[in-house]
Amino acid sequence: MVTESFLTLPQLELPSKGGSITVTAPSNIALVKYWGKSQGQIPRNASISFTLSNCFTKTTLGFTPFSEQSKAGQEMVNDLDDSNFEVFVDGLSKPDFAPKIATFFNRIEAYLPWIRSFQWRIDTENTFPHGSGIASSASGFAALAGALMELENSWSLDPLPPELRAQKTSFLARLGSGSASRSVLGPLMYWGTHPALPASSDLFACILDQEVHAVFIDYKDTILLVDQGEKEVSSTLGHNLMHDHPFANQRFDQAQDNLGKLLAVLACGDTHEFCRIVETEALSLHAMMMTSNPSYLLMKPNTLAIIEKVRIFRRANNVPVCFTLDAGANVHLLYPAKFTPQVMPWIQNELSGHCQAGQFIEDQVGQGVKKV
Ligand code: PMV
């Protein structure tokens with residue numbers, strides 16, 4: 001089994017001195033959504049996403065071997081706790097983040113036992129504005145997992161082949177945040193077992209290596225920042241509400257079905273069918289929130305105003321632009337790059353007025369984790 005192959009640990013030559021590694025990892029936007037999970041971050045349905053490019057996290061991971069520190073003679077700690085991490089966000093010390101990092105490191109420790117031999121310093125920054133309502137957990141955990149795997153690879157006497165290494169990076173990122181598993185490579189990543197994807201796994205995401213029509217290779221994602229506040233209901237709570245949800249099973253079936261249909265669309269380049277599936281997925285995700293117990297609503301009046309305008313514009317101009325939503329009020333506009341000259345003036349003139357401070361972010365599909 002794959003988990004067992006990740007538990008087979010490579011032979012490493014650990015450094016006697018401290019050092020650091022820097023990586024970047026992008027955010028991603030799901031086309032078929034993951035919403036609902038079982039114990040251990042196992043998704044209840046398969047999902048697929050575009051990896052993004054401009055919205056990314058840059059993380060520098062600094063390590064100091066315990067033997068080099070004042071904790072004289074100490075070679076390893078049994079359990080990592082907050083005191084083993086210093087966390088800096090945009091250069092500012094954030095001790096509040098240390099417990100979350102400690103939880104993640106303890107979760108992945110079975111697969112990277114050497115992490116107990118070091119004191120850690122994490123310096124992280126996002127290219128998207130802090131508190132913009134864009135989740136930093138996908139890019140943040142993908143960056144951490146990517147940095148740790150860079151270290152393991154550089155110290156390994158027998159490095160993992162690239163495919164297995166990407167799988168292990170995604171596997172580790174998943175244990176931080178499910179959607180982070182899909183930020184490791186690009187431009188399209190799927191995660192969760194699906195009958196049409198023989199290589200699919202609940203444990204890690206894979207790059208979509210079937211034929212993908214050229215129109216999707218440079219797709220645009222313009223993110224309209226409708227609400228830049230903190231999320232009112234966390235994703236963790238939202239996933240949990242799917243446990244007793246009256247429509248959960250229908251939703252999981254719908255997502256599996258939509259993913260099957262989307263695979264055909266990605267191959268043939270039918271952008272209008274793409275719009276139909278992607279918008280259905282976004283509204284189904286939010287329908288789950290609106291019909292859970294307790295119910296909640298993350299869309300804002302401006303989210304709905306934009307959705308209406310997107311549908312009118314698409315019909316009137318025959319331009320295959322569609323919307324999708326994450327677990328928040330912001331709207332992602334997806335469209336083929338060749339339509340930018342038509343879409344961009346419309347965004348500036350008609351849609352930016354629905355955004356907080358008129359702000360939006362221009363992004364496009366990208367390639368995943370990179371060493372800096
Ligand atoms: O990765 P999490 O646990 O934050 O879940 C995120 C789920 C959505 O972003 C709403 C959908 C998805 O598939 O990315």
# chains A, B, ... in the order shown; residues from 1 in each chain; ligands from 1
$ residues_near_ligand --ligand "ligand 1" --cutoff "9 Å" --atoms "only C-alpha atoms and all ligand atoms" --output "PyMOL selection string"
chain A and resi 28-37+41+46-49+135-138+174+176-182+234-236+238-239+282+285-286+325-328
$ write_last_selection --atoms "C-alpha atoms" --output "PDB file, in the first residue's frame"
ATOM      1  CA  ASN A  28      -5.670  26.390  -6.193  1.00  0.00           C
ATOM      2  CA  ILE A  29      -9.293  26.747  -7.231  1.00  0.00           C
ATOM      3  CA  ALA A  30     -11.483  23.656  -7.280  1.00  0.00           C
ATOM      4  CA  LEU A  31     -13.672  23.044 -10.338  1.00  0.00           C
ATOM      5  CA  VAL A  32     -15.329  20.035  -8.703  1.00  0.00           C
ATOM      6  CA  LYS A  33     -15.434  20.691  -4.982  1.00  0.00           C
ATOM      7  CA  TYR A  34     -14.263  18.701  -1.994  1.00  0.00           C
ATOM      8  CA  TRP A  35     -16.745  19.204   0.835  1.00  0.00           C
ATOM      9  CA  GLY A  36     -17.122  16.508   3.481  1.00  0.00           C
ATOM     10  CA  LYS A  37     -14.445  14.192   4.811  1.00  0.00           C
ATOM     11  CA  GLN A  41      -8.537  13.922   5.975  1.00  0.00           C
ATOM     12  CA  ALA A  46     -13.091  13.200  -5.685  1.00  0.00           C
ATOM     13  CA  SER A  47     -12.258  16.797  -6.616  1.00  0.00           C
ATOM     14  CA  ILE A  48     -10.250  18.546  -9.333  1.00  0.00           C
ATOM     15  CA  SER A  49      -8.671  21.992  -9.424  1.00  0.00           C
ATOM     16  CA  ALA A 135      -7.626  30.809   2.039  1.00  0.00           C
ATOM     17  CA  SER A 136      -3.905  30.602   2.717  1.00  0.00           C
ATOM     18  CA  SER A 137      -4.125  27.074   4.120  1.00  0.00           C
ATOM     19  CA  ALA A 138      -3.817  25.346   0.712  1.00  0.00           C
ATOM     20  CA  ARG A 174      -3.178  16.813   2.745  1.00  0.00           C
ATOM     21  CA  GLY A 176      -2.411  19.951   6.948  1.00  0.00           C
ATOM     22  CA  SER A 177      -5.398  20.900   4.792  1.00  0.00           C
ATOM     23  CA  GLY A 178      -7.199  18.642   2.314  1.00  0.00           C
ATOM     24  CA  SER A 179      -7.184  21.102  -0.573  1.00  0.00           C
ATOM     25  CA  ALA A 180      -3.418  21.692  -0.056  1.00  0.00           C
ATOM     26  CA  SER A 181      -2.824  18.231  -1.548  1.00  0.00           C
ATOM     27  CA  ARG A 182      -3.834  19.703  -4.933  1.00  0.00           C
ATOM     28  CA  SER A 234     -14.359  27.745   9.222  1.00  0.00           C
ATOM     29  CA  SER A 235     -13.909  25.008   6.606  1.00  0.00           C
ATOM     30  CA  THR A 236     -13.342  22.512   9.426  1.00  0.00           C
ATOM     31  CA  GLY A 238     -18.312  23.154   7.339  1.00  0.00           C
ATOM     32  CA  HIS A 239     -16.800  19.736   6.571  1.00  0.00           C
ATOM     33  CA  ALA A 282     -20.012  26.231  -6.891  1.00  0.00           C
ATOM     34  CA  LEU A 285     -21.162  23.710  -2.405  1.00  0.00           C
ATOM     35  CA  HIS A 286     -22.999  26.758  -1.086  1.00  0.00           C
ATOM     36  CA  LEU A 325     -16.764  30.123  -5.357  1.00  0.00           C
ATOM     37  CA  ASP A 326     -14.632  28.833  -2.520  1.00  0.00           C
ATOM     38  CA  ALA A 327     -15.955  28.651   1.027  1.00  0.00           C
ATOM     39  CA  GLY A 328     -16.412  32.434   1.066  1.00  0.00           C
TER      40      GLY A 328
END
$ residues_around --residues "segment 20-24 of chain A" --least-positions-apart "5" --cutoff "9 Å" --atoms "only C-alpha atoms" --output "mmCIF file with C-alpha atoms, in the first residue's frame"
data_model
loop_
_atom_site.group_PDB
_atom_site.id
_atom_site.type_symbol
_atom_site.label_atom_id
_atom_site.label_comp_id
_atom_site.auth_asym_id
_atom_site.auth_seq_id
_atom_site.Cartn_x
_atom_site.Cartn_y
_atom_site.Cartn_z
ATOM 1 C CA PHE A 56 1.171 31.899 -3.645
ATOM 2 C CA THR A 57 2.890 31.462 -0.289
ATOM 3 C CA LYS A 58 6.648 31.795 0.042
ATOM 4 C CA THR A 59 8.064 29.902 3.009
ATOM 5 C CA THR A 60 11.597 29.752 4.335
ATOM 6 C CA LEU A 61 12.120 26.837 6.665
ATOM 7 C CA GLY A 62 15.098 27.235 8.980
ATOM 8 C CA PHE A 63 16.434 24.266 10.947
ATOM 9 C CA THR A 64 18.935 23.945 13.800
ATOM 10 C CA ARG A 121 11.944 28.598 12.269
ATOM 11 C CA SER A 139 -0.728 27.278 -0.366
ATOM 12 C CA GLY A 140 0.656 27.442 3.203
ATOM 13 C CA ALA A 142 1.744 22.852 0.352
ATOM 14 C CA ALA A 143 4.729 25.166 0.894
ATOM 15 C CA LEU A 144 5.591 23.578 4.252
ATOM 16 C CA GLY A 146 7.306 21.073 -0.211
ATOM 17 C CA ALA A 147 10.074 22.572 1.939
ATOM 18 C CA LEU A 148 10.256 19.479 4.173
ATOM 19 C CA GLU A 150 13.197 19.359 -0.360
ATOM 20 C CA LEU A 151 15.185 18.853 2.834
ATOM 21 C CA GLY A 368 2.783 24.066 -8.264
ATOM 22 C CA VAL A 369 5.562 24.005 -5.661
ATOM 23 C CA LYS A 370 8.930 25.499 -6.633
ATOM 24 C CA LYS A 371 12.252 25.717 -4.848
ATOM 25 C CA VAL A 372 13.512 29.307 -4.797
#
$ residues_around --residues "Val321 of chain A" --least-positions-apart "3" --cutoff "8 Å" --atoms "only C-alpha atoms" --output "short mmCIF file (atom, residue, chain, number, x, y, z; two decimals) with all heavy atoms, in the first residue's frame"
data_model
loop_
_atom_site.label_atom_id
_atom_site.label_comp_id
_atom_site.auth_asym_id
_atom_site.auth_seq_id
_atom_site.Cartn_x
_atom_site.Cartn_y
_atom_site.Cartn_z
N CYS A 275 -18.47 25.69 -18.29
CA CYS A 275 -19.14 26.72 -17.48
C CYS A 275 -20.32 26.11 -16.71
O CYS A 275 -20.51 26.41 -15.52
CB CYS A 275 -19.67 27.86 -18.35
SG CYS A 275 -18.37 28.85 -19.10
N VAL A 310 -22.58 37.82 -14.59
CA VAL A 310 -21.78 36.85 -15.36
C VAL A 310 -22.68 36.12 -16.35
O VAL A 310 -22.36 35.98 -17.53
CB VAL A 310 -21.07 35.83 -14.42
CG1 VAL A 310 -20.46 34.68 -15.22
CG2 VAL A 310 -20.01 36.52 -13.58
N ARG A 314 -22.40 36.42 -20.38
CA ARG A 314 -22.08 35.20 -21.17
C ARG A 314 -23.10 35.00 -22.29
O ARG A 314 -22.75 34.74 -23.43
CB ARG A 314 -22.05 33.99 -20.24
CG ARG A 314 -21.64 32.71 -20.97
CD ARG A 314 -21.28 31.58 -20.03
NE ARG A 314 -22.42 31.11 -19.26
CZ ARG A 314 -22.42 30.95 -17.94
NH1 ARG A 314 -21.36 31.23 -17.24
NH2 ARG A 314 -23.51 30.51 -17.32
N LEU A 333 -13.56 34.33 -11.39
CA LEU A 333 -14.05 34.33 -12.78
C LEU A 333 -13.08 33.54 -13.63
O LEU A 333 -11.90 33.89 -13.71
CB LEU A 333 -14.10 35.76 -13.32
CG LEU A 333 -15.22 36.66 -12.88
CD1 LEU A 333 -15.14 37.96 -13.65
CD2 LEU A 333 -16.58 36.00 -13.08
N LEU A 334 -13.56 32.50 -14.27
CA LEU A 334 -12.70 31.64 -15.09
C LEU A 334 -13.03 31.85 -16.56
O LEU A 334 -14.21 31.84 -16.93
CB LEU A 334 -12.92 30.17 -14.71
CG LEU A 334 -12.68 29.80 -13.24
CD1 LEU A 334 -13.03 28.33 -12.99
CD2 LEU A 334 -11.24 30.08 -12.83
N TYR A 335 -11.99 32.04 -17.38
CA TYR A 335 -12.21 32.25 -18.82
C TYR A 335 -10.93 31.97 -19.60
O TYR A 335 -9.82 32.10 -19.08
CB TYR A 335 -12.71 33.68 -19.11
CG TYR A 335 -11.89 34.79 -18.48
CD1 TYR A 335 -10.90 35.46 -19.21
CD2 TYR A 335 -12.06 35.14 -17.13
CE1 TYR A 335 -10.14 36.47 -18.64
CE2 TYR A 335 -11.29 36.14 -16.55
CZ TYR A 335 -10.34 36.79 -17.30
OH TYR A 335 -9.57 37.78 -16.71
N PRO A 336 -11.10 31.60 -20.89
CA PRO A 336 -9.91 31.36 -21.72
C PRO A 336 -9.14 32.66 -21.91
O PRO A 336 -9.74 33.73 -22.09
CB PRO A 336 -10.50 30.87 -23.05
CG PRO A 336 -11.89 30.45 -22.74
CD PRO A 336 -12.35 31.31 -21.61
N VAL A 343 -13.12 40.52 -21.65
CA VAL A 343 -13.55 40.31 -20.26
C VAL A 343 -13.00 41.41 -19.33
O VAL A 343 -13.73 41.89 -18.44
CB VAL A 343 -13.12 38.90 -19.77
CG1 VAL A 343 -13.39 38.72 -18.29
CG2 VAL A 343 -13.85 37.82 -20.58
#
$ atom_distance --atom1 "atom CA of Ala357 of chain A" --atom2 "atom CA of Pro129 of chain A"
12.6 Å
$ residues_around --residues "segment 247-249 of chain A" --least-positions-apart "6" --cutoff "12 Å" --atoms "only C-alpha atoms" --output "PDB file with C-alpha atoms, in the first residue's frame"
ATOM      1  CA  TYR A  34     -14.263  18.701  -1.994  1.00  0.00           C
ATOM      2  CA  TRP A  35     -16.745  19.204   0.835  1.00  0.00           C
ATOM      3  CA  GLY A  36     -17.122  16.508   3.481  1.00  0.00           C
ATOM      4  CA  LYS A  37     -14.445  14.192   4.811  1.00  0.00           C
ATOM      5  CA  ARG A  44     -15.956  11.810   0.651  1.00  0.00           C
ATOM      6  CA  ASN A  45     -15.745  12.549  -3.081  1.00  0.00           C
ATOM      7  CA  HIS A 239     -16.800  19.736   6.571  1.00  0.00           C
ATOM      8  CA  ASN A 240     -18.098  18.457   9.931  1.00  0.00           C
ATOM      9  CA  LEU A 241     -21.636  19.602   9.166  1.00  0.00           C
ATOM     10  CA  ALA A 255     -19.562  15.464  -7.455  1.00  0.00           C
ATOM     11  CA  GLN A 256     -18.372  12.050  -8.704  1.00  0.00           C
ATOM     12  CA  SER A 284     -24.002  23.023  -4.847  1.00  0.00           C
ATOM     13  CA  LEU A 285     -21.162  23.710  -2.405  1.00  0.00           C
ATOM     14  CA  ALA A 287     -26.338  24.904  -1.142  1.00  0.00           C
ATOM     15  CA  MET A 288     -24.774  22.419   1.287  1.00  0.00           C
ATOM     16  CA  MET A 289     -23.938  25.290   3.624  1.00  0.00           C
ATOM     17  CA  MET A 290     -27.412  26.778   3.334  1.00  0.00           C
ATOM     18  CA  THR A 291     -29.099  23.438   4.094  1.00  0.00           C
ATOM     19  CA  SER A 292     -26.862  22.151   6.883  1.00  0.00           C
ATOM     20  CA  ASN A 293     -27.893  22.144  10.523  1.00  0.00           C
TER      21      ASN A 293
END
$ select_by_dssp --residues "segment 41-290 of chain A" --states "strand (DSSP E)" --output "PyMOL selection string"
chain A and resi 42-43+47-65+85-89+92-93+118-126+188-191+205-207+220-224
$ select_by_dssp --residues "segment 3-183 of chain A" --states "helix (DSSP H, G or I)" --output "ChimeraX atom specification"
/A:3-7,66-68,82-84,95-108,113-117,137-155,162-176,178-183
$ write_last_selection --atoms "C-alpha atoms" --output "PDB file, in the first residue's frame"
ATOM      1  CA  THR A   3       0.984   4.668   3.012  1.00  0.00           C
ATOM      2  CA  GLU A   4       3.376   1.845   3.740  1.00  0.00           C
ATOM      3  CA  SER A   5       5.681   3.004   0.973  1.00  0.00           C
ATOM      4  CA  PHE A   6       5.733   6.458   2.615  1.00  0.00           C
ATOM      5  CA  LEU A   7       6.543   4.767   5.927  1.00  0.00           C
ATOM      6  CA  PHE A  66      19.397  20.037  18.713  1.00  0.00           C
ATOM      7  CA  SER A  67      22.955  18.826  19.134  1.00  0.00           C
ATOM      8  CA  GLU A  68      24.095  22.308  18.011  1.00  0.00           C
ATOM      9  CA  ASP A  82       5.016  25.045  20.487  1.00  0.00           C
ATOM     10  CA  SER A  83       8.504  25.669  21.894  1.00  0.00           C
ATOM     11  CA  ASN A  84      10.049  23.846  18.914  1.00  0.00           C
ATOM     12  CA  PRO A  95       3.583  32.825  18.411  1.00  0.00           C
ATOM     13  CA  ASP A  96      -0.172  32.113  18.007  1.00  0.00           C
ATOM     14  CA  PHE A  97       0.606  30.109  14.849  1.00  0.00           C
ATOM     15  CA  ALA A  98       3.045  27.731  16.613  1.00  0.00           C
ATOM     16  CA  PRO A  99       0.391  25.321  18.024  1.00  0.00           C
ATOM     17  CA  LYS A 100      -1.122  24.807  14.529  1.00  0.00           C
ATOM     18  CA  ILE A 101       2.326  24.074  13.107  1.00  0.00           C
ATOM     19  CA  ALA A 102       3.122  21.740  16.040  1.00  0.00           C
ATOM     20  CA  THR A 103      -0.119  19.814  15.367  1.00  0.00           C
ATOM     21  CA  PHE A 104       0.815  19.455  11.703  1.00  0.00           C
ATOM     22  CA  PHE A 105       4.382  18.334  12.449  1.00  0.00           C
ATOM     23  CA  ASN A 106       3.145  15.753  14.975  1.00  0.00           C
ATOM     24  CA  ARG A 107       0.659  14.451  12.373  1.00  0.00           C
ATOM     25  CA  ILE A 108       3.373  13.966   9.719  1.00  0.00           C
ATOM     26  CA  PRO A 113      10.738  11.106  11.878  1.00  0.00           C
ATOM     27  CA  TRP A 114      13.864  13.250  11.417  1.00  0.00           C
ATOM     28  CA  ILE A 115      11.796  16.415  12.027  1.00  0.00           C
ATOM     29  CA  ARG A 116      12.197  15.684  15.771  1.00  0.00           C
ATOM     30  CA  SER A 117      15.947  16.248  15.507  1.00  0.00           C
ATOM     31  CA  SER A 137      -4.125  27.074   4.120  1.00  0.00           C
ATOM     32  CA  ALA A 138      -3.817  25.346   0.712  1.00  0.00           C
ATOM     33  CA  SER A 139      -0.728  27.278  -0.366  1.00  0.00           C
ATOM     34  CA  GLY A 140       0.656  27.442   3.203  1.00  0.00           C
ATOM     35  CA  PHE A 141       0.592  23.696   3.889  1.00  0.00           C
ATOM     36  CA  ALA A 142       1.744  22.852   0.352  1.00  0.00           C
ATOM     37  CA  ALA A 143       4.729  25.166   0.894  1.00  0.00           C
ATOM     38  CA  LEU A 144       5.591  23.578   4.252  1.00  0.00           C
ATOM     39  CA  ALA A 145       5.276  20.051   2.858  1.00  0.00           C
ATOM     40  CA  GLY A 146       7.306  21.073  -0.211  1.00  0.00           C
ATOM     41  CA  ALA A 147      10.074  22.572   1.939  1.00  0.00           C
ATOM     42  CA  LEU A 148      10.256  19.479   4.173  1.00  0.00           C
ATOM     43  CA  MET A 149      10.446  17.186   1.148  1.00  0.00           C
ATOM     44  CA  GLU A 150      13.197  19.359  -0.360  1.00  0.00           C
ATOM     45  CA  LEU A 151      15.185  18.853   2.834  1.00  0.00           C
ATOM     46  CA  GLU A 152      14.549  15.115   2.941  1.00  0.00           C
ATOM     47  CA  ASN A 153      15.536  14.812  -0.696  1.00  0.00           C
ATOM     48  CA  SER A 154      18.760  16.772  -0.247  1.00  0.00           C
ATOM     49  CA  TRP A 155      19.823  14.633   2.750  1.00  0.00           C
ATOM     50  CA  PRO A 162      10.106  12.338  -8.846  1.00  0.00           C
ATOM     51  CA  GLU A 163       6.618  10.812  -9.067  1.00  0.00           C
ATOM     52  CA  LEU A 164       6.775   9.211  -5.629  1.00  0.00           C
ATOM     53  CA  ARG A 165       8.292  12.369  -4.187  1.00  0.00           C
ATOM     54  CA  ALA A 166       5.398  14.479  -5.551  1.00  0.00           C
ATOM     55  CA  GLN A 167       2.936  11.944  -4.117  1.00  0.00           C
ATOM     56  CA  LYS A 168       4.571  12.092  -0.712  1.00  0.00           C
ATOM     57  CA  THR A 169       4.594  15.933  -0.793  1.00  0.00           C
ATOM     58  CA  SER A 170       0.886  15.921  -1.609  1.00  0.00           C
ATOM     59  CA  PHE A 171       0.228  13.229   1.024  1.00  0.00           C
ATOM     60  CA  LEU A 172       1.907  15.382   3.708  1.00  0.00           C
ATOM     61  CA  ALA A 173       0.196  18.609   2.536  1.00  0.00           C
ATOM     62  CA  ARG A 174      -3.178  16.813   2.745  1.00  0.00           C
ATOM     63  CA  LEU A 175      -2.603  16.154   6.422  1.00  0.00           C
ATOM     64  CA  GLY A 176      -2.411  19.951   6.948  1.00  0.00           C
ATOM     65  CA  GLY A 178      -7.199  18.642   2.314  1.00  0.00           C
ATOM     66  CA  SER A 179      -7.184  21.102  -0.573  1.00  0.00           C
ATOM     67  CA  ALA A 180      -3.418  21.692  -0.056  1.00  0.00           C
ATOM     68  CA  SER A 181      -2.824  18.231  -1.548  1.00  0.00           C
ATOM     69  CA  ARG A 182      -3.834  19.703  -4.933  1.00  0.00           C
ATOM     70  CA  SER A 183      -1.351  22.636  -4.855  1.00  0.00           C
TER      71      SER A 183
END
$ atom_distance --atom1 "atom CA of Pro320 of chain A" --atom2 "atom CA of His213 of chain A"
14.8 Å
$ atom_distance --atom1 "atom CA of Val331 of chain A" --atom2 "atom CA of Gly366 of chain A"
18.9 Å
$ closest_residue --among "A:Leu224, A:Leu259, A:Val87, A:Val215" --to "Leu197 of chain A" --atoms "only C-alpha atoms"
A:Leu259
$ closest_residue --among "A:Leu298, A:Ala25, A:Leu304, A:Val233" --to "Thr127 of chain A" --atoms "only C-alpha atoms"
A:Ala25
$ residues_around --residues "segment 349-353 of chain A" --least-positions-apart "5" --cutoff "7 Å" --atoms "only C-alpha atoms" --output "list in words"
Ile306, Gly358 and Gln359 of chain A
